[in-house]
Each structure stands twice: as structure tokens, then as C-alpha cells.
$ cat work-v1.cif   # mmCIF, N, CA and C atoms
data_coords
loop_
_atom_site.group_PDB
_atom_site.id
_atom_site.type_symbol
_atom_site.label_atom_id
_atom_site.label_comp_id
_atom_site.auth_asym_id
_atom_site.auth_seq_id
_atom_site.Cartn_x
_atom_site.Cartn_y
_atom_site.Cartn_z
ATOM 1 N N MET A 633 84.674 192.058 -97.699
ATOM 2 C CA MET A 633 85.647 193.002 -98.204
ATOM 3 C C MET A 633 86.671 193.281 -97.113
ATOM 4 N N GLU A 634 87.928 193.218 -97.448
ATOM 5 C CA GLU A 634 88.977 193.554 -96.500
ATOM 6 C C GLU A 634 89.271 195.045 -96.568
ATOM 7 N N SER A 635 89.752 195.559 -95.472
ATOM 8 C CA SER A 635 90.030 196.983 -95.376
ATOM 9 C C SER A 635 91.265 197.205 -94.519
ATOM 10 N N VAL A 636 91.939 198.315 -94.726
ATOM 11 C CA VAL A 636 93.088 198.645 -93.885
ATOM 12 C C VAL A 636 92.659 199.379 -92.614
ATOM 13 N N SER A 637 91.360 199.514 -92.409
ATOM 14 C CA SER A 637 90.843 200.208 -91.230
ATOM 15 C C SER A 637 91.150 199.429 -89.954
ATOM 16 N N PHE A 638 91.592 200.153 -88.955
ATOM 17 C CA PHE A 638 91.864 199.553 -87.650
ATOM 18 C C PHE A 638 90.810 200.016 -86.643
ATOM 19 N N THR A 639 89.584 200.129 -87.086
ATOM 20 C CA THR A 639 88.506 200.683 -86.273
ATOM 21 C C THR A 639 88.310 199.950 -84.949
ATOM 22 N N LEU A 640 88.439 198.661 -84.954
ATOM 23 C CA LEU A 640 88.163 197.900 -83.739
ATOM 24 C C LEU A 640 89.386 197.707 -82.850
ATOM 25 N N SER A 641 90.458 198.386 -83.149
ATOM 26 C CA SER A 641 91.652 198.288 -82.318
ATOM 27 C C SER A 641 91.848 199.587 -81.538
ATOM 28 N N THR A 642 92.710 199.539 -80.549
ATOM 29 C CA THR A 642 93.031 200.737 -79.783
ATOM 30 C C THR A 642 94.205 201.427 -80.455
ATOM 31 N N HIS A 643 94.026 202.671 -80.796
ATOM 32 C CA HIS A 643 95.069 203.434 -81.470
ATOM 33 C C HIS A 643 95.931 204.123 -80.416
ATOM 34 N N ALA A 644 97.209 204.227 -80.678
ATOM 35 C CA ALA A 644 98.130 204.848 -79.721
ATOM 36 C C ALA A 644 97.717 206.287 -79.407
ATOM 37 N N GLU A 645 97.297 207.025 -80.428
ATOM 38 C CA GLU A 645 96.890 208.420 -80.215
ATOM 39 C C GLU A 645 95.688 208.489 -79.273
ATOM 40 N N MET A 646 94.705 207.624 -79.500
ATOM 41 C CA MET A 646 93.510 207.621 -78.647
ATOM 42 C C MET A 646 93.868 207.253 -77.216
ATOM 43 N N ASN A 647 94.734 206.262 -77.064
ATOM 44 C CA ASN A 647 95.151 205.841 -75.738
ATOM 45 C C ASN A 647 95.881 206.970 -75.014
ATOM 46 N N ALA A 648 96.767 207.669 -75.723
ATOM 47 C CA ALA A 648 97.500 208.788 -75.129
ATOM 48 C C ALA A 648 96.545 209.903 -74.704
ATOM 49 N N ILE A 649 95.573 210.217 -75.544
ATOM 50 C CA ILE A 649 94.604 211.268 -75.222
ATOM 51 C C ILE A 649 93.756 210.858 -74.027
ATOM 52 N N ASP A 650 93.265 209.631 -74.019
ATOM 53 C CA ASP A 650 92.444 209.154 -72.898
ATOM 54 C C ASP A 650 93.226 209.200 -71.590
ATOM 55 N N THR A 651 94.491 208.822 -71.631
ATOM 56 C CA THR A 651 95.336 208.850 -70.442
ATOM 57 C C THR A 651 95.542 210.283 -69.950
ATOM 58 N N ALA A 652 95.770 211.201 -70.877
ATOM 59 C CA ALA A 652 95.946 212.611 -70.505
ATOM 60 C C ALA A 652 94.674 213.188 -69.891
ATOM 61 N N VAL A 653 93.536 212.878 -70.490
ATOM 62 C CA VAL A 653 92.254 213.370 -69.960
ATOM 63 C C VAL A 653 91.998 212.791 -68.569
ATOM 64 N N ALA A 654 92.297 211.518 -68.380
ATOM 65 C CA ALA A 654 92.118 210.890 -67.066
ATOM 66 C C ALA A 654 93.014 211.545 -66.014
ATOM 67 N N ALA A 655 94.147 212.101 -66.456
ATOM 68 C CA ALA A 655 95.071 212.781 -65.543
ATOM 69 C C ALA A 655 94.701 214.249 -65.339
ATOM 70 N N GLY A 656 93.634 214.700 -66.007
ATOM 71 C CA GLY A 656 93.152 216.056 -65.782
ATOM 72 C C GLY A 656 93.466 217.066 -66.869
ATOM 73 N N TYR A 657 94.155 216.661 -67.903
ATOM 74 C CA TYR A 657 94.469 217.594 -68.995
ATOM 75 C C TYR A 657 93.254 217.774 -69.897
ATOM 76 N N ARG A 658 93.068 218.995 -70.396
ATOM 77 C CA ARG A 658 91.906 219.290 -71.235
ATOM 78 C C ARG A 658 92.266 219.983 -72.537
ATOM 79 N N GLU A 659 93.557 220.159 -72.791
ATOM 80 C CA GLU A 659 93.992 220.809 -74.022
ATOM 81 C C GLU A 659 95.184 220.042 -74.583
ATOM 82 N N ILE A 660 95.226 219.914 -75.893
ATOM 83 C CA ILE A 660 96.354 219.270 -76.554
ATOM 84 C C ILE A 660 97.022 220.325 -77.424
ATOM 85 N N LYS A 661 98.213 220.739 -77.048
ATOM 86 C CA LYS A 661 98.948 221.733 -77.832
ATOM 87 C C LYS A 661 99.695 221.078 -78.985
ATOM 88 N N LYS A 662 100.330 219.939 -78.692
ATOM 89 C CA LYS A 662 101.089 219.201 -79.704
ATOM 90 C C LYS A 662 100.901 217.715 -79.467
ATOM 91 N N ILE A 663 100.979 216.968 -80.545
ATOM 92 C CA ILE A 663 100.951 215.517 -80.435
ATOM 93 C C ILE A 663 101.982 214.966 -81.417
ATOM 94 N N LEU A 664 102.759 214.003 -80.958
ATOM 95 C CA LEU A 664 103.820 213.412 -81.760
ATOM 96 C C LEU A 664 103.460 211.973 -82.090
ATOM 97 N N VAL A 665 103.518 211.640 -83.368
ATOM 98 C CA VAL A 665 103.240 210.286 -83.838
ATOM 99 C C VAL A 665 104.521 209.765 -84.484
ATOM 100 N N ILE A 666 105.076 208.695 -83.937
ATOM 101 C CA ILE A 666 106.310 208.121 -84.469
ATOM 102 C C ILE A 666 105.996 206.748 -85.051
ATOM 103 N N THR A 667 106.438 206.528 -86.283
ATOM 104 C CA THR A 667 106.190 205.249 -86.948
ATOM 105 C C THR A 667 107.484 204.666 -87.512
ATOM 106 N N ASN A 668 107.438 203.378 -87.735
ATOM 107 C CA ASN A 668 108.547 202.667 -88.363
ATOM 108 C C ASN A 668 108.238 202.546 -89.855
ATOM 109 N N SER A 669 108.188 203.689 -90.508
ATOM 110 C CA SER A 669 107.862 203.723 -91.935
ATOM 111 C C SER A 669 108.901 204.574 -92.651
ATOM 112 N N ARG A 670 108.885 204.539 -93.962
ATOM 113 C CA ARG A 670 109.849 205.335 -94.728
ATOM 114 C C ARG A 670 109.524 206.818 -94.678
ATOM 115 N N LYS A 671 108.223 207.124 -94.736
ATOM 116 C CA LYS A 671 107.769 208.514 -94.727
ATOM 117 C C LYS A 671 106.942 208.759 -93.463
ATOM 118 N N PRO A 672 106.898 210.003 -92.978
ATOM 119 C CA PRO A 672 106.046 210.326 -91.827
ATOM 120 C C PRO A 672 104.582 210.015 -92.145
ATOM 121 N N VAL A 673 103.873 209.504 -91.153
ATOM 122 C CA VAL A 673 102.471 209.130 -91.309
ATOM 123 C C VAL A 673 101.647 209.894 -90.274
ATOM 124 N N PHE A 674 100.657 210.631 -90.762
ATOM 125 C CA PHE A 674 99.770 211.362 -89.855
ATOM 126 C C PHE A 674 98.679 210.432 -89.329
ATOM 127 N N PRO A 675 98.021 210.793 -88.229
ATOM 128 C CA PRO A 675 96.978 209.944 -87.642
ATOM 129 C C PRO A 675 95.823 209.676 -88.612
ATOM 130 N N CYS A 676 95.124 208.588 -88.362
ATOM 131 C CA CYS A 676 93.949 208.228 -89.159
ATOM 132 C C CYS A 676 92.792 209.197 -88.864
ATOM 133 N N ALA A 677 91.729 209.075 -89.605
ATOM 134 C CA ALA A 677 90.577 209.978 -89.446
ATOM 135 C C ALA A 677 89.934 209.866 -88.067
ATOM 136 N N LEU A 678 89.869 208.670 -87.504
ATOM 137 C CA LEU A 678 89.293 208.519 -86.161
ATOM 138 C C LEU A 678 90.110 209.303 -85.137
ATOM 139 N N CYS A 679 91.421 209.181 -85.225
ATOM 140 C CA CYS A 679 92.294 209.894 -84.292
ATOM 141 C C CYS A 679 92.271 211.396 -84.550
ATOM 142 N N ARG A 680 92.182 211.775 -85.820
ATOM 143 C CA ARG A 680 92.089 213.202 -86.149
ATOM 144 C C ARG A 680 90.837 213.810 -85.514
ATOM 145 N N GLN A 681 89.732 213.087 -85.578
ATOM 146 C CA GLN A 681 88.493 213.573 -84.963
ATOM 147 C C GLN A 681 88.675 213.752 -83.463
ATOM 148 N N LYS A 682 89.304 212.782 -82.827
ATOM 149 C CA LYS A 682 89.487 212.857 -81.377
ATOM 150 C C LYS A 682 90.413 214.017 -81.015
ATOM 151 N N ILE A 683 91.479 214.221 -81.762
ATOM 152 C CA ILE A 683 92.385 215.346 -81.511
ATOM 153 C C ILE A 683 91.639 216.659 -81.699
ATOM 154 N N MET A 684 90.819 216.744 -82.728
ATOM 155 C CA MET A 684 90.064 217.954 -83.044
ATOM 156 C C MET A 684 89.104 218.336 -81.912
ATOM 157 N N GLU A 685 88.657 217.361 -81.144
ATOM 158 C CA GLU A 685 87.744 217.624 -80.025
ATOM 159 C C GLU A 685 88.378 218.566 -78.992
ATOM 160 N N PHE A 686 89.708 218.605 -78.951
ATOM 161 C CA PHE A 686 90.396 219.377 -77.924
ATOM 162 C C PHE A 686 90.870 220.736 -78.401
ATOM 163 N N SER A 687 91.277 220.837 -79.638
ATOM 164 C CA SER A 687 91.711 222.119 -80.185
ATOM 165 C C SER A 687 91.938 222.011 -81.684
ATOM 166 N N GLU A 688 91.429 222.962 -82.406
ATOM 167 C CA GLU A 688 91.653 223.002 -83.849
ATOM 168 C C GLU A 688 93.070 223.453 -84.177
ATOM 169 N N ASN A 689 93.781 223.960 -83.171
ATOM 170 C CA ASN A 689 95.138 224.473 -83.373
ATOM 171 C C ASN A 689 96.222 223.482 -82.968
ATOM 172 N N THR A 690 95.851 222.284 -82.570
ATOM 173 C CA THR A 690 96.851 221.302 -82.159
ATOM 174 C C THR A 690 97.850 221.068 -83.289
ATOM 175 N N GLU A 691 99.124 221.113 -82.935
ATOM 176 C CA GLU A 691 100.169 220.813 -83.902
ATOM 177 C C GLU A 691 100.413 219.305 -83.891
ATOM 178 N N VAL A 692 100.339 218.691 -85.056
ATOM 179 C CA VAL A 692 100.579 217.257 -85.185
ATOM 180 C C VAL A 692 101.950 217.084 -85.836
ATOM 181 N N ILE A 693 102.810 216.374 -85.135
ATOM 182 C CA ILE A 693 104.155 216.100 -85.640
ATOM 183 C C ILE A 693 104.209 214.617 -85.977
ATOM 184 N N ALA A 694 104.428 214.317 -87.237
ATOM 185 C CA ALA A 694 104.564 212.936 -87.695
ATOM 186 C C ALA A 694 106.046 212.691 -87.949
ATOM 187 N N ALA A 695 106.583 211.644 -87.342
ATOM 188 C CA ALA A 695 108.011 211.368 -87.471
ATOM 189 C C ALA A 695 108.252 209.889 -87.719
ATOM 190 N N THR A 696 109.421 209.603 -88.260
ATOM 191 C CA THR A 696 109.827 208.214 -88.438
ATOM 192 C C THR A 696 110.987 207.917 -87.490
ATOM 193 N N ILE A 697 111.238 206.647 -87.245
ATOM 194 C CA ILE A 697 112.363 206.301 -86.380
ATOM 195 C C ILE A 697 113.695 206.584 -87.074
ATOM 196 N N ARG A 698 113.630 206.896 -88.351
ATOM 197 C CA ARG A 698 114.835 207.242 -89.115
ATOM 198 C C ARG A 698 115.106 208.755 -89.093
ATOM 199 N N GLY A 699 114.251 209.519 -88.426
ATOM 200 C CA GLY A 699 114.491 210.946 -88.264
ATOM 201 C C GLY A 699 113.782 211.869 -89.238
ATOM 202 N N LYS A 700 112.975 211.336 -90.131
ATOM 203 C CA LYS A 700 112.200 212.204 -91.024
ATOM 204 C C LYS A 700 110.969 212.689 -90.269
ATOM 205 N N PHE A 701 110.514 213.901 -90.588
ATOM 206 C CA PHE A 701 109.311 214.395 -89.923
ATOM 207 C C PHE A 701 108.566 215.392 -90.787
ATOM 208 N N ALA A 702 107.300 215.561 -90.440
ATOM 209 C CA ALA A 702 106.432 216.548 -91.078
ATOM 210 C C ALA A 702 105.501 217.078 -90.000
ATOM 211 N N THR A 703 105.070 218.312 -90.140
ATOM 212 C CA THR A 703 104.145 218.890 -89.171
ATOM 213 C C THR A 703 102.953 219.514 -89.892
ATOM 214 N N ALA A 704 101.843 219.558 -89.182
ATOM 215 C CA ALA A 704 100.626 220.188 -89.700
ATOM 216 C C ALA A 704 99.699 220.496 -88.530
ATOM 217 N N ARG A 705 98.849 221.466 -88.704
ATOM 218 C CA ARG A 705 97.798 221.738 -87.718
ATOM 219 C C ARG A 705 96.664 220.750 -87.977
ATOM 220 N N ILE A 706 96.020 220.319 -86.923
ATOM 221 C CA ILE A 706 94.937 219.345 -87.073
ATOM 222 C C ILE A 706 93.829 219.905 -87.960
ATOM 223 N N ARG A 707 93.569 221.191 -87.885
ATOM 224 C CA ARG A 707 92.507 221.790 -88.720
ATOM 225 C C ARG A 707 92.827 221.663 -90.203
ATOM 226 N N ASP A 708 94.126 221.614 -90.541
ATOM 227 C CA ASP A 708 94.520 221.456 -91.938
ATOM 228 C C ASP A 708 94.460 219.991 -92.373
ATOM 229 N N LEU A 709 94.706 219.090 -91.442
ATOM 230 C CA LEU A 709 94.623 217.661 -91.749
ATOM 231 C C LEU A 709 93.181 217.186 -91.837
ATOM 232 N N TYR A 710 92.293 217.883 -91.136
ATOM 233 C CA TYR A 710 90.898 217.454 -91.036
ATOM 234 C C TYR A 710 89.989 218.674 -91.183
ATOM 235 N N PRO A 711 89.954 219.290 -92.363
ATOM 236 C CA PRO A 711 89.282 220.574 -92.543
ATOM 237 C C PRO A 711 87.758 220.569 -92.384
ATOM 238 N N SER A 712 87.109 219.449 -92.566
ATOM 239 C CA SER A 712 85.645 219.409 -92.454
ATOM 240 C C SER A 712 85.199 218.592 -91.255
ATOM 241 N N ALA A 713 85.957 218.662 -90.191
ATOM 242 C CA ALA A 713 85.678 217.856 -88.996
ATOM 243 C C ALA A 713 84.388 218.282 -88.313
ATOM 244 N N PHE A 714 83.786 217.342 -87.629
ATOM 245 C CA PHE A 714 82.637 217.605 -86.775
ATOM 246 C C PHE A 714 83.191 218.174 -85.472
ATOM 247 N N THR A 715 82.803 219.398 -85.126
ATOM 248 C CA THR A 715 83.335 220.065 -83.933
ATOM 249 C C THR A 715 82.189 220.518 -83.040
ATOM 250 N N LYS A 716 82.565 221.152 -81.925
ATOM 251 C CA LYS A 716 81.557 221.701 -80.998
ATOM 252 C C LYS A 716 80.651 222.696 -81.713
ATOM 253 N N ARG A 717 81.216 223.434 -82.658
ATOM 254 C CA ARG A 717 80.401 224.406 -83.408
ATOM 255 C C ARG A 717 79.327 223.712 -84.227
ATOM 256 N N SER A 718 79.578 222.473 -84.608
ATOM 257 C CA SER A 718 78.593 221.711 -85.391
ATOM 258 C C SER A 718 77.327 221.467 -84.584
ATOM 259 N N LEU A 719 77.428 221.478 -83.268
ATOM 260 C CA LEU A 719 76.286 221.200 -82.399
ATOM 261 C C LEU A 719 75.450 222.432 -82.073
ATOM 262 N N LYS A 720 75.995 223.604 -82.334
ATOM 263 C CA LYS A 720 75.283 224.835 -82.015
ATOM 264 C C LYS A 720 74.135 225.045 -82.967
ATOM 265 N N LYS A 721 73.038 225.551 -82.411
ATOM 266 C CA LYS A 721 71.830 225.777 -83.215
ATOM 267 C C LYS A 721 71.919 227.069 -83.986
#

$ encode --input "work-v1.cif" --output "C-alpha cells"
Amino acid sequence: MESVSFTLSTHAEMNAIDTAVAAGYREIKKILVITNSRKPVFPCALCRQKIMEFSENTEVIAATIRGKFATARIRDLYPSAFTKRSLKK
């Protein structure tokens, strides 16, 4: 079965987060995703999970190279995410 999943590839959002963490950052206030598409595209579920690890309040800005954009909080894009609270007894 073919799928549009890019699970085995490196996602730009993940790479940006890993680079920021390696540089000592521990909070993500905003993240910008720019695509060459007609409509703004928000990150995939894998990237949403990784963003959620840092803050449920992160603002995600999805934009196109044509200037269209949309914004949302990560908690709204991924309302049932596995978080640190999920690990508490």
C-alpha cells in the first residue's frame, strides 16, 4: 500500500527544532512553515507531536510563497496529543 506519509524522511520542522535544542533553546514560542502550495499547510502529526513537547501554546504560522497564511496554536491543531501530563501517575 502506498501512502503520503514521509515518516522515514527528515522533516524541516524536526530539523529546525533539533538544531534549536542543540543550541540550548528549550521553548518554542512560534514556528513558521512555508510551502510552495496554493493554500497554507500546517505540519504533519509527527511534527505536531514534536512541537507539542515544548509548549502547548506554540503559535504555528503556515504560509505560502505567494503570501497566504494561517495561524493556530499547536494545542488546537493537535488536541489529543501525548504530553508530559500523559506520563504522570

$ closest_residue --input "work-v1.cif" --among "A:Ser641, A:Asn668, A:Ser712, A:Gln681" --to "Arg698 in chain A" --atoms "all atoms listed in the file"
A:Asn668

$ closest_residue --input "work-v1.cif" --among "A:Ile697, A:Ala702, A:Cys679, A:Ile663" --to "His643 in chain A" --atoms "only N, CA and C atoms"
A:Cys679

$ closest_residue --input "work-v1.cif" --among "A:Ile660, A:Leu678, A:Ala655, A:Val673" --to "Lys700 in chain A" --atoms "only N, CA and C atoms"
A:Val673

$ resolve_selection --input "work-v1.cif" --expression "the PyMOL selection byres (((chain A and resi 665 and name CA) around 12) and name CA)" --output "PyMOL selection string"
chain A and resi 643-646+648+662-664+666-669+671-676+679-680+691-697+700-704

$ axis_aligned_box --input "work-v1.cif" --around "range 643-646 of chain A" --padding-each-side "4 Å" --output "AutoDock Vina command-line options"
--center_x 95.8 --center_y 205.6 --center_z -79.3 --size_x 12.6 --size_y 13.8 --size_z 12.3

$ atom_distance --input "work-v1.cif" --atom1 "CA of Lys682 in chain A" --atom2 "CA of Phe714 in chain A"
9.9 Å

$ select_by_dssp --input "work-v1.cif" --residues "chain A" --states "helix (DSSP H, G or I)" --output "VMD selection string"
chain A and resid 644 to 654 677 to 684 706 to 709 716 to 719

$ select_by_dssp --input "work-v1.cif" --residues "chain A" --states "strand (DSSP E)" --output "PyMOL selection string"
chain A and resi 662-667+691-696+701-705

$ atom_distance --input "work-v1.cif" --atom1 "CA of Thr651 in chain A" --atom2 "CA of Lys720 in chain A"
28.1 Å
